[in-house]
>>> print(open('work-v4.pdb').read())   # PDB, C-alpha atoms and all ligand atoms
ATOM      1  CA  MET G1240     -31.859 -29.616  -7.237  1.00  0.00           C
ATOM      2  CA  THR G1241     -31.344 -31.481  -3.975  1.00  0.00           C
ATOM      3  CA  THR G1242     -34.113 -32.392  -1.553  1.00  0.00           C
ATOM      4  CA  ILE G1243     -33.544 -33.368   2.064  1.00  0.00           C
ATOM      5  CA  VAL G1244     -36.153 -34.225   4.623  1.00  0.00           C
ATOM      6  CA  PHE G1245     -36.000 -33.886   8.393  1.00  0.00           C
ATOM      7  CA  ASN G1246     -38.519 -34.823  11.023  1.00  0.00           C
ATOM      8  CA  THR G1247     -38.622 -32.923  14.289  1.00  0.00           C
ATOM      9  CA  LYS G1248     -40.479 -33.988  17.413  1.00  0.00           C
ATOM     10  CA  ASN G1249     -40.818 -30.570  19.055  1.00  0.00           C
ATOM     11  CA  ASP G1250     -40.032 -26.890  18.527  1.00  0.00           C
ATOM     12  CA  THR G1251     -36.621 -27.205  20.201  1.00  0.00           C
ATOM     13  CA  GLN G1252     -35.558 -29.749  17.584  1.00  0.00           C
ATOM     14  CA  THR G1253     -36.728 -27.464  14.784  1.00  0.00           C
ATOM     15  CA  GLN G1254     -34.737 -24.601  16.292  1.00  0.00           C
ATOM     16  CA  GLN G1255     -31.656 -26.799  16.705  1.00  0.00           C
ATOM     17  CA  LEU G1256     -31.872 -27.919  13.097  1.00  0.00           C
ATOM     18  CA  ALA G1257     -32.204 -24.321  11.905  1.00  0.00           C
ATOM     19  CA  GLN G1258     -29.411 -23.228  14.232  1.00  0.00           C
ATOM     20  CA  ALA G1259     -27.028 -25.774  12.727  1.00  0.00           C
ATOM     21  CA  ILE G1260     -27.854 -24.354   9.288  1.00  0.00           C
ATOM     22  CA  GLY G1261     -27.567 -20.788  10.593  1.00  0.00           C
ATOM     23  CA  LYS G1262     -24.030 -21.448  11.785  1.00  0.00           C
ATOM     24  CA  LYS G1263     -22.972 -22.172   8.224  1.00  0.00           C
ATOM     25  CA  LEU G1264     -24.513 -19.097   6.630  1.00  0.00           C
ATOM     26  CA  LYS G1265     -22.017 -16.996   4.708  1.00  0.00           C
ATOM     27  CA  GLY G1266     -24.334 -14.209   3.629  1.00  0.00           C
ATOM     28  CA  SER G1267     -26.347 -13.833   0.419  1.00  0.00           C
ATOM     29  CA  GLU G1268     -28.535 -16.882   1.067  1.00  0.00           C
ATOM     30  CA  VAL G1269     -32.287 -16.527   0.488  1.00  0.00           C
ATOM     31  CA  PHE G1270     -34.804 -18.788   2.239  1.00  0.00           C
ATOM     32  CA  GLU G1271     -38.460 -19.166   1.423  1.00  0.00           C
ATOM     33  CA  LEU G1272     -40.367 -20.838   4.272  1.00  0.00           C
ATOM     34  CA  ARG G1273     -43.700 -22.434   3.431  1.00  0.00           C
ATOM     35  CA  SER G1274     -46.277 -23.876   5.800  1.00  0.00           C
ATOM     36  CA  ASP G1275     -49.735 -23.280   7.150  1.00  0.00           C
ATOM     37  CA  LEU G1276     -50.212 -20.838  10.011  1.00  0.00           C
ATOM     38  CA  GLY G1277     -48.500 -22.228  13.116  1.00  0.00           C
ATOM     39  CA  GLY G1278     -46.403 -24.667  11.075  1.00  0.00           C
ATOM     40  CA  GLY G1279     -43.153 -23.433  12.561  1.00  0.00           C
ATOM     41  CA  LYS G1280     -41.702 -20.904  10.106  1.00  0.00           C
ATOM     42  CA  THR G1281     -40.953 -18.251  12.720  1.00  0.00           C
ATOM     43  CA  THR G1282     -39.651 -20.953  15.055  1.00  0.00           C
ATOM     44  CA  PHE G1283     -37.260 -21.991  12.282  1.00  0.00           C
ATOM     45  CA  VAL G1284     -36.088 -18.388  11.849  1.00  0.00           C
ATOM     46  CA  ARG G1285     -35.436 -18.185  15.603  1.00  0.00           C
ATOM     47  CA  GLY G1286     -32.919 -21.037  15.323  1.00  0.00           C
ATOM     48  CA  LEU G1287     -31.458 -19.765  12.067  1.00  0.00           C
ATOM     49  CA  ALA G1288     -30.826 -16.326  13.575  1.00  0.00           C
ATOM     50  CA  LYS G1289     -29.257 -17.846  16.678  1.00  0.00           C
ATOM     51  CA  GLY G1290     -26.856 -19.898  14.568  1.00  0.00           C
ATOM     52  CA  PHE G1291     -26.090 -16.787  12.493  1.00  0.00           C
ATOM     53  CA  GLY G1292     -25.049 -15.023  15.690  1.00  0.00           C
ATOM     54  CA  SER G1293     -27.985 -12.660  15.905  1.00  0.00           C
ATOM     55  CA  LEU G1294     -27.743  -9.909  18.497  1.00  0.00           C
ATOM     56  CA  ASP G1295     -31.479  -9.242  18.304  1.00  0.00           C
ATOM     57  CA  PRO G1296     -34.437 -11.355  19.381  1.00  0.00           C
ATOM     58  CA  VAL G1297     -36.553 -12.859  16.629  1.00  0.00           C
ATOM     59  CA  ALA G1298     -40.183 -11.774  16.605  1.00  0.00           C
ATOM     60  CA  SER G1299     -42.867 -12.615  14.105  1.00  0.00           C
ATOM     61  CA  PRO G1300     -43.082  -9.806  11.542  1.00  0.00           C
ATOM     62  CA  SER G1301     -46.690 -10.580  10.696  1.00  0.00           C
ATOM     63  CA  PHE G1302     -47.738  -7.032  11.629  1.00  0.00           C
ATOM     64  CA  THR G1303     -44.583  -5.147  10.732  1.00  0.00           C
ATOM     65  CA  ILE G1304     -43.965  -7.182   7.533  1.00  0.00           C
ATOM     66  CA  SER G1305     -40.198  -6.945   8.028  1.00  0.00           C
ATOM     67  CA  ASN G1306     -37.737  -7.326  10.889  1.00  0.00           C
ATOM     68  CA  ILE G1307     -33.994  -6.872  10.648  1.00  0.00           C
ATOM     69  CA  TYR G1308     -31.587  -8.668  12.963  1.00  0.00           C
ATOM     70  CA  ARG G1309     -27.948  -7.668  13.337  1.00  0.00           C
ATOM     71  CA  SER G1310     -25.385 -10.383  13.839  1.00  0.00           C
ATOM     72  CA  ILE G1311     -21.967 -10.609  15.444  1.00  0.00           C
ATOM     73  CA  ASN G1312     -20.395 -10.994  12.007  1.00  0.00           C
ATOM     74  CA  LYS G1313     -21.725  -7.530  11.021  1.00  0.00           C
ATOM     75  CA  LYS G1314     -24.114  -9.020   8.496  1.00  0.00           C
ATOM     76  CA  LEU G1315     -27.878  -8.639   8.634  1.00  0.00           C
ATOM     77  CA  LEU G1316     -30.719 -11.105   8.545  1.00  0.00           C
ATOM     78  CA  TYR G1317     -33.862  -9.738   6.900  1.00  0.00           C
ATOM     79  CA  HIS G1318     -37.014 -11.509   8.097  1.00  0.00           C
ATOM     80  CA  TYR G1319     -40.176 -10.912   6.061  1.00  0.00           C
ATOM     81  CA  ASP G1320     -43.732 -12.100   6.573  1.00  0.00           C
ATOM     82  CA  PHE G1321     -46.118 -11.200   3.750  1.00  0.00           C
ATOM     83  CA  TYR G1322     -49.171 -12.906   5.238  1.00  0.00           C
ATOM     84  CA  ARG G1323     -51.144  -9.665   5.465  1.00  0.00           C
ATOM     85  CA  LEU G1324     -50.030  -8.323   2.118  1.00  0.00           C
ATOM     86  CA  LYS G1325     -52.536  -8.751  -0.690  1.00  0.00           C
ATOM     87  CA  GLU G1326     -50.429  -6.703  -3.108  1.00  0.00           C
ATOM     88  CA  PRO G1327     -46.647  -6.394  -2.810  1.00  0.00           C
ATOM     89  CA  GLY G1328     -46.729  -2.638  -3.616  1.00  0.00           C
ATOM     90  CA  ILE G1329     -43.640  -0.781  -2.433  1.00  0.00           C
ATOM     91  CA  MET G1330     -42.540  -3.870  -0.540  1.00  0.00           C
ATOM     92  CA  SER G1331     -41.478  -5.383  -3.841  1.00  0.00           C
ATOM     93  CA  ASP G1332     -39.090  -2.447  -4.372  1.00  0.00           C
ATOM     94  CA  GLU G1333     -37.700  -2.783  -0.873  1.00  0.00           C
ATOM     95  CA  LEU G1334     -37.303  -6.525  -1.174  1.00  0.00           C
ATOM     96  CA  SER G1335     -35.651  -6.241  -4.600  1.00  0.00           C
ATOM     97  CA  GLU G1336     -33.163  -3.773  -3.190  1.00  0.00           C
ATOM     98  CA  VAL G1337     -32.361  -6.017  -0.227  1.00  0.00           C
ATOM     99  CA  LEU G1338     -31.997  -9.034  -2.508  1.00  0.00           C
ATOM    100  CA  SER G1339     -29.532  -7.163  -4.708  1.00  0.00           C
ATOM    101  CA  ASN G1340     -27.284  -6.588  -1.692  1.00  0.00           C
ATOM    102  CA  SER G1341     -25.382  -9.844  -1.604  1.00  0.00           C
ATOM    103  CA  ARG G1342     -23.884  -9.536   1.887  1.00  0.00           C
ATOM    104  CA  ASP G1343     -26.980 -10.275   3.862  1.00  0.00           C
ATOM    105  CA  VAL G1344     -29.351 -13.179   4.495  1.00  0.00           C
ATOM    106  CA  VAL G1345     -33.029 -12.970   3.555  1.00  0.00           C
ATOM    107  CA  VAL G1346     -35.791 -15.177   4.974  1.00  0.00           C
ATOM    108  CA  VAL G1347     -39.352 -14.920   3.707  1.00  0.00           C
ATOM    109  CA  GLU G1348     -42.568 -16.305   5.203  1.00  0.00           C
ATOM    110  CA  TRP G1349     -45.687 -16.329   2.998  1.00  0.00           C
ATOM    111  CA  GLY G1350     -43.625 -15.406  -0.063  1.00  0.00           C
ATOM    112  CA  LYS G1351     -46.187 -16.258  -2.740  1.00  0.00           C
ATOM    113  CA  VAL G1352     -47.141 -12.598  -3.251  1.00  0.00           C
ATOM    114  CA  VAL G1353     -43.493 -11.800  -4.090  1.00  0.00           C
ATOM    115  CA  SER G1354     -42.653 -15.050  -5.874  1.00  0.00           C
ATOM    116  CA  ASP G1355     -41.645 -13.228  -9.074  1.00  0.00           C
ATOM    117  CA  ILE G1356     -39.031 -11.243  -7.123  1.00  0.00           C
ATOM    118  CA  LEU G1357     -37.505 -14.110  -5.154  1.00  0.00           C
ATOM    119  CA  PRO G1358     -34.425 -15.533  -6.858  1.00  0.00           C
ATOM    120  CA  GLU G1359     -34.716 -18.964  -8.425  1.00  0.00           C
ATOM    121  CA  SER G1360     -31.536 -19.761  -6.527  1.00  0.00           C
ATOM    122  CA  ARG G1361     -32.955 -19.978  -3.038  1.00  0.00           C
ATOM    123  CA  ILE G1362     -33.538 -22.527  -0.312  1.00  0.00           C
ATOM    124  CA  VAL G1363     -37.172 -23.571  -0.051  1.00  0.00           C
ATOM    125  CA  VAL G1364     -38.212 -25.054   3.288  1.00  0.00           C
ATOM    126  CA  LEU G1365     -41.615 -26.722   3.340  1.00  0.00           C
ATOM    127  CA  ILE G1366     -42.899 -27.474   6.840  1.00  0.00           C
ATOM    128  CA  GLU G1367     -45.737 -29.956   7.200  1.00  0.00           C
ATOM    129  CA  VAL G1368     -47.601 -30.503  10.451  1.00  0.00           C
ATOM    130  CA  LEU G1369     -47.670 -34.220  11.321  1.00  0.00           C
ATOM    131  CA  SER G1370     -49.094 -33.828  14.817  1.00  0.00           C
ATOM    132  CA  GLU G1371     -49.302 -31.163  17.483  1.00  0.00           C
ATOM    133  CA  THR G1372     -45.534 -31.345  18.056  1.00  0.00           C
ATOM    134  CA  GLU G1373     -44.177 -33.211  15.032  1.00  0.00           C
ATOM    135  CA  ARG G1374     -43.100 -31.525  11.818  1.00  0.00           C
ATOM    136  CA  LYS G1375     -41.714 -32.719   8.506  1.00  0.00           C
ATOM    137  CA  LEU G1376     -39.270 -30.256   6.985  1.00  0.00           C
ATOM    138  CA  THR G1377     -38.506 -30.681   3.293  1.00  0.00           C
ATOM    139  CA  MET G1378     -35.626 -28.548   2.048  1.00  0.00           C
ATOM    140  CA  GLN G1379     -35.001 -27.958  -1.634  1.00  0.00           C
ATOM    141  CA  PHE G1380     -31.921 -26.201  -2.934  1.00  0.00           C
ATOM    142  CA  TYR G1381     -29.307 -26.075  -5.693  1.00  0.00           C
ATOM    143  CA  SER G1382     -25.997 -27.803  -5.017  1.00  0.00           C
ATOM    144  CA  LYS G1383     -24.301 -24.423  -4.489  1.00  0.00           C
ATOM    145  CA  PHE G1384     -26.049 -24.388  -1.091  1.00  0.00           C
ATOM    146  CA  SER G1385     -24.901 -27.877  -0.054  1.00  0.00           C
ATOM    147  CA  TYR G1386     -22.413 -26.359   2.436  1.00  0.00           C
ATOM    148  CA  LEU G1387     -25.383 -25.440   4.640  1.00  0.00           C
ATOM    149  CA  PHE G1388     -26.551 -29.013   5.025  1.00  0.00           C
ATOM    150  CA  THR G1389     -23.415 -31.099   5.471  1.00  0.00           C
ATOM    151  CA  ALA G1390     -23.381 -33.445   8.475  1.00  0.00           C
ATOM    152  CA  LEU G1391     -26.758 -32.279   9.679  1.00  0.00           C
ATOM    153  CA  GLU G1392     -28.465 -35.658   9.991  1.00  0.00           C
ATOM    154  CA  LYS G1393     -26.291 -36.745  12.878  1.00  0.00           C
ATOM    155  CA  ARG G1394     -27.046 -33.633  14.834  1.00  0.00           C
ATOM    156  CA  VAL G1395     -30.763 -33.766  14.452  1.00  0.00           C
ATOM    157  CA  VAL G1396     -31.988 -37.319  14.719  1.00  0.00           C
TER     158      VAL G1396
HETATM  159  P1  LIG Y   1     -45.545 -19.943  11.705  1.00  0.00           P
HETATM  160  O1  LIG Y   1     -44.505 -18.866  11.696  1.00  0.00           O
HETATM  161  O2  LIG Y   1     -45.340 -20.978  10.628  1.00  0.00           O
HETATM  162  O3  LIG Y   1     -46.944 -19.412  11.706  1.00  0.00           O
HETATM  163  P2  LIG Y   1     -44.685 -20.363  14.442  1.00  0.00           P
HETATM  164  O4  LIG Y   1     -43.249 -20.735  14.408  1.00  0.00           O
HETATM  165  O5  LIG Y   1     -45.024 -18.972  14.809  1.00  0.00           O
HETATM  166  O6  LIG Y   1     -45.379 -20.779  13.058  1.00  0.00           O
HETATM  167  O7  LIG Y   1     -45.472 -21.313  15.451  1.00  0.00           O
HETATM  168  C1  LIG Y   1     -45.264 -22.674  15.479  1.00  0.00           C
HETATM  169  C2  LIG Y   1     -45.937 -23.205  16.722  1.00  0.00           C
HETATM  170  O8  LIG Y   1     -45.891 -24.629  16.717  1.00  0.00           O
HETATM  171  C3  LIG Y   1     -45.231 -22.736  17.980  1.00  0.00           C
HETATM  172  O9  LIG Y   1     -46.198 -22.535  19.001  1.00  0.00           O
HETATM  173  C4  LIG Y   1     -44.334 -23.926  18.323  1.00  0.00           C
HETATM  174  O10 LIG Y   1     -44.032 -24.004  19.692  1.00  0.00           O
HETATM  175  C5  LIG Y   1     -45.224 -25.073  17.888  1.00  0.00           C
HETATM  176  N1  LIG Y   1     -44.503 -26.310  17.575  1.00  0.00           N
HETATM  177  C6  LIG Y   1     -44.802 -27.520  18.088  1.00  0.00           C
HETATM  178  N2  LIG Y   1     -44.007 -28.467  17.598  1.00  0.00           N
HETATM  179  C7  LIG Y   1     -43.157 -27.845  16.741  1.00  0.00           C
HETATM  180  C8  LIG Y   1     -42.085 -28.316  15.934  1.00  0.00           C
HETATM  181  N3  LIG Y   1     -41.728 -29.617  15.853  1.00  0.00           N
HETATM  182  N4  LIG Y   1     -41.422 -27.418  15.186  1.00  0.00           N
HETATM  183  C9  LIG Y   1     -41.785 -26.107  15.215  1.00  0.00           C
HETATM  184  N5  LIG Y   1     -42.781 -25.602  15.961  1.00  0.00           N
HETATM  185  C10 LIG Y   1     -43.472 -26.467  16.715  1.00  0.00           C
HETATM  186 MG    MG Y   2     -44.604 -16.821  11.316  1.00  0.00          MG
END
>>> encode(input="work-v4.pdb", output="structure tokens")
Amino acid sequence: MTTIVFNTKNDTQTQQLAQAIGKKLKGSEVFELRSDLGGGKTTFVRGLAKGFGSLDPVASPSFTISNIYRSINKKLLYHYDFYRLKEPGIMSDELSEVLSNSRDVVVVEWGKVVSDILPESRIVVLIEVLSETERKLTMQFYSKFSYLFTALEKRVV
């Protein structure tokens, strides 16, 4: 398991960091984003989707639970937000099905309720609020995902 830490000074920097990662996505990656409300999870997804070549605007799926963005490379980015879900119910079936389709990218906010469905082999991004505009992003992943994080430091700091 590898851990890397980034500090961002504003939401643009968080988006740029996520965008640089999004550019390297191949498909089949799963992200779990953890933070308090307003930490910057959806902001991160906005950058990730942009880097992935999304054709659709990113919106918070806190009411719809899931959003799907198409990308120029014909792959999909599934964006889930389980904040309002007390029980996974049929969402666990839907999520399991999506996860078994290896072509696409899956990003989950508030994933605790589906933690037994999420693959062990995923990228966990923990966002901590340091001040109104500063965030600490701790990313944990297996070495098979190292290709997403090469040469990132230079771009961000
Ligand atoms: P979440 O999805 O975790 O609830 P959002 O991404 O919807 O959070 O909201 C994060 C809020 O924090 C946005 O209003 C964003 O502009 C603001 N913000 C301020 N600084 C940062 C930063 N460094 N990184 C990300 N968001 C930031
Ligand atoms: Mg959100």
>>> resolve_selection(input="work-v4.pdb", expression="the PyMOL selection byres (((chain G and resi 1266-1276) around 8) and not hetatm)", output="list in words")
Leu1264, Lys1265, Gly1277, Gly1278, Gly1279, Lys1280, Lys1314, Leu1338, Asn1340, Ser1341, Arg1342, Asp1343, Val1344, Val1345, Val1346, Val1347, Glu1348, Trp1349, Gly1350, Pro1358, Ser1360, Arg1361, Ile1362, Val1363, Val1364, Leu1365, Ile1366 and Glu1367 of chain G
>>> closest_residue(input="work-v4.pdb", among="G:Lys1351, G:Arg1323, G:Arg1285, G:Arg1309", to="ligand LIG 1 (chain Y)", atoms="all atoms listed in the file")
G:Arg1285
>>> residues_around(input="work-v4.pdb", residues="G:Tyr1308", least_positions_apart="2", cutoff="9 Å", atoms="all atoms listed in the file", output="list in words")
Ala1288, Ser1293, Leu1294, Asp1295, Pro1296, Val1297, Asn1306, Ser1310, Lys1314, Leu1315, Leu1316, Tyr1317 and His1318 of chain G
>>> write_last_selection(input="work-v4.pdb", atoms="C-alpha atoms", output="mmCIF file, keeping the file's coordinate frame")
data_model
loop_
_atom_site.group_PDB
_atom_site.id
_atom_site.type_symbol
_atom_site.label_atom_id
_atom_site.label_comp_id
_atom_site.auth_asym_id
_atom_site.auth_seq_id
_atom_site.Cartn_x
_atom_site.Cartn_y
_atom_site.Cartn_z
ATOM 1 C CA ALA G 1288 -30.826 -16.326 13.575
ATOM 2 C CA SER G 1293 -27.985 -12.660 15.905
ATOM 3 C CA LEU G 1294 -27.743 -9.909 18.497
ATOM 4 C CA ASP G 1295 -31.479 -9.242 18.304
ATOM 5 C CA PRO G 1296 -34.437 -11.355 19.381
ATOM 6 C CA VAL G 1297 -36.553 -12.859 16.629
ATOM 7 C CA ASN G 1306 -37.737 -7.326 10.889
ATOM 8 C CA SER G 1310 -25.385 -10.383 13.839
ATOM 9 C CA LYS G 1314 -24.114 -9.020 8.496
ATOM 10 C CA LEU G 1315 -27.878 -8.639 8.634
ATOM 11 C CA LEU G 1316 -30.719 -11.105 8.545
ATOM 12 C CA TYR G 1317 -33.862 -9.738 6.900
ATOM 13 C CA HIS G 1318 -37.014 -11.509 8.097
#
>>> residues_around(input="work-v4.pdb", residues="G:Ser1382", least_positions_apart="5", cutoff="10 Å", atoms="all atoms listed in the file", output="VMD selection string")
chain G and resid 1240 to 1242 1360 1387
>>> resolve_selection(input="work-v4.pdb", expression="the PyMOL selection byres (((chain G and resi 1386) around 12) and not hetatm)", output="PyMOL selection string")
chain G and resi 1259-1265+1268+1380-1385+1387-1391
>>> write_last_selection(input="work-v4.pdb", atoms="C-alpha atoms", output="PDB file, keeping the file's coordinate frame")
ATOM      1  CA  ALA G1259     -27.028 -25.774  12.727  1.00  0.00           C
ATOM      2  CA  ILE G1260     -27.854 -24.354   9.288  1.00  0.00           C
ATOM      3  CA  GLY G1261     -27.567 -20.788  10.593  1.00  0.00           C
ATOM      4  CA  LYS G1262     -24.030 -21.448  11.785  1.00  0.00           C
ATOM      5  CA  LYS G1263     -22.972 -22.172   8.224  1.00  0.00           C
ATOM      6  CA  LEU G1264     -24.513 -19.097   6.630  1.00  0.00           C
ATOM      7  CA  LYS G1265     -22.017 -16.996   4.708  1.00  0.00           C
ATOM      8  CA  GLU G1268     -28.535 -16.882   1.067  1.00  0.00           C
ATOM      9  CA  PHE G1380     -31.921 -26.201  -2.934  1.00  0.00           C
ATOM     10  CA  TYR G1381     -29.307 -26.075  -5.693  1.00  0.00           C
ATOM     11  CA  SER G1382     -25.997 -27.803  -5.017  1.00  0.00           C
ATOM     12  CA  LYS G1383     -24.301 -24.423  -4.489  1.00  0.00           C
ATOM     13  CA  PHE G1384     -26.049 -24.388  -1.091  1.00  0.00           C
ATOM     14  CA  SER G1385     -24.901 -27.877  -0.054  1.00  0.00           C
ATOM     15  CA  LEU G1387     -25.383 -25.440   4.640  1.00  0.00           C
ATOM     16  CA  PHE G1388     -26.551 -29.013   5.025  1.00  0.00           C
ATOM     17  CA  THR G1389     -23.415 -31.099   5.471  1.00  0.00           C
ATOM     18  CA  ALA G1390     -23.381 -33.445   8.475  1.00  0.00           C
ATOM     19  CA  LEU G1391     -26.758 -32.279   9.679  1.00  0.00           C
TER      20      LEU G1391
END
>>> axis_aligned_box(input="work-v4.pdb", around="stretch 1333-1349 of chain G", padding_each_side="8 Å", output="AutoDock Vina command-line options")
--center_x -34.8 --center_y -9.6 --center_z 0.2 --size_x 37.8 --size_y 29.5 --size_z 25.9
>>> closest_residue(input="work-v4.pdb", among="G:Glu1373, G:Glu1326, G:Glu1359, G:Asp1332", to="ligand LIG 1 (chain Y)", atoms="all atoms listed in the file")
G:Glu1373
>>> closest_residue(input="work-v4.pdb", among="G:Tyr1319, G:Asn1312, G:Leu1334, G:Gln1254", to="ligand MG 2 (chain Y)", atoms="only C-alpha atoms and all ligand atoms")
G:Tyr1319
>>> atom_distance(input="work-v4.pdb", atom1="atom CA of G:Ile1329", atom2="atom CA of G:Ser1305")
12.6 Å
>>> closest_residue(input="work-v4.pdb", among="G:Phe1302, G:Gln1255, G:Leu1357, G:Lys1289", to="G:Glu1336", atoms="only C-alpha atoms")
G:Leu1357
>>> atom_distance(input="work-v4.pdb", atom1="atom CA of G:Phe1283", atom2="atom CA of G:Met1330")
22.8 Å
>>> atom_distance(input="work-v4.pdb", atom1="atom C9 of ligand LIG 1 (chain Y)", atom2="atom CA of G:Thr1303")
21.6 Å
>>> closest_residue(input="work-v4.pdb", among="G:Ser1339, G:Ser1331, G:Thr1377, G:Ser1299", to="G:Ile1356", atoms="all atoms listed in the file")
G:Ser1331
>>> residues_around(input="work-v4.pdb", residues="G:Glu1371", least_positions_apart="3", cutoff="9 Å", atoms="only C-alpha atoms", output="ChimeraX atom specification")
/G:1249,1368,1374
>>> closest_residue(input="work-v4.pdb", among="G:Thr1372, G:Thr1282, G:Ser1354, G:Gln1258", to="ligand MG 2 (chain Y)", atoms="only C-alpha atoms and all ligand atoms")
G:Thr1282
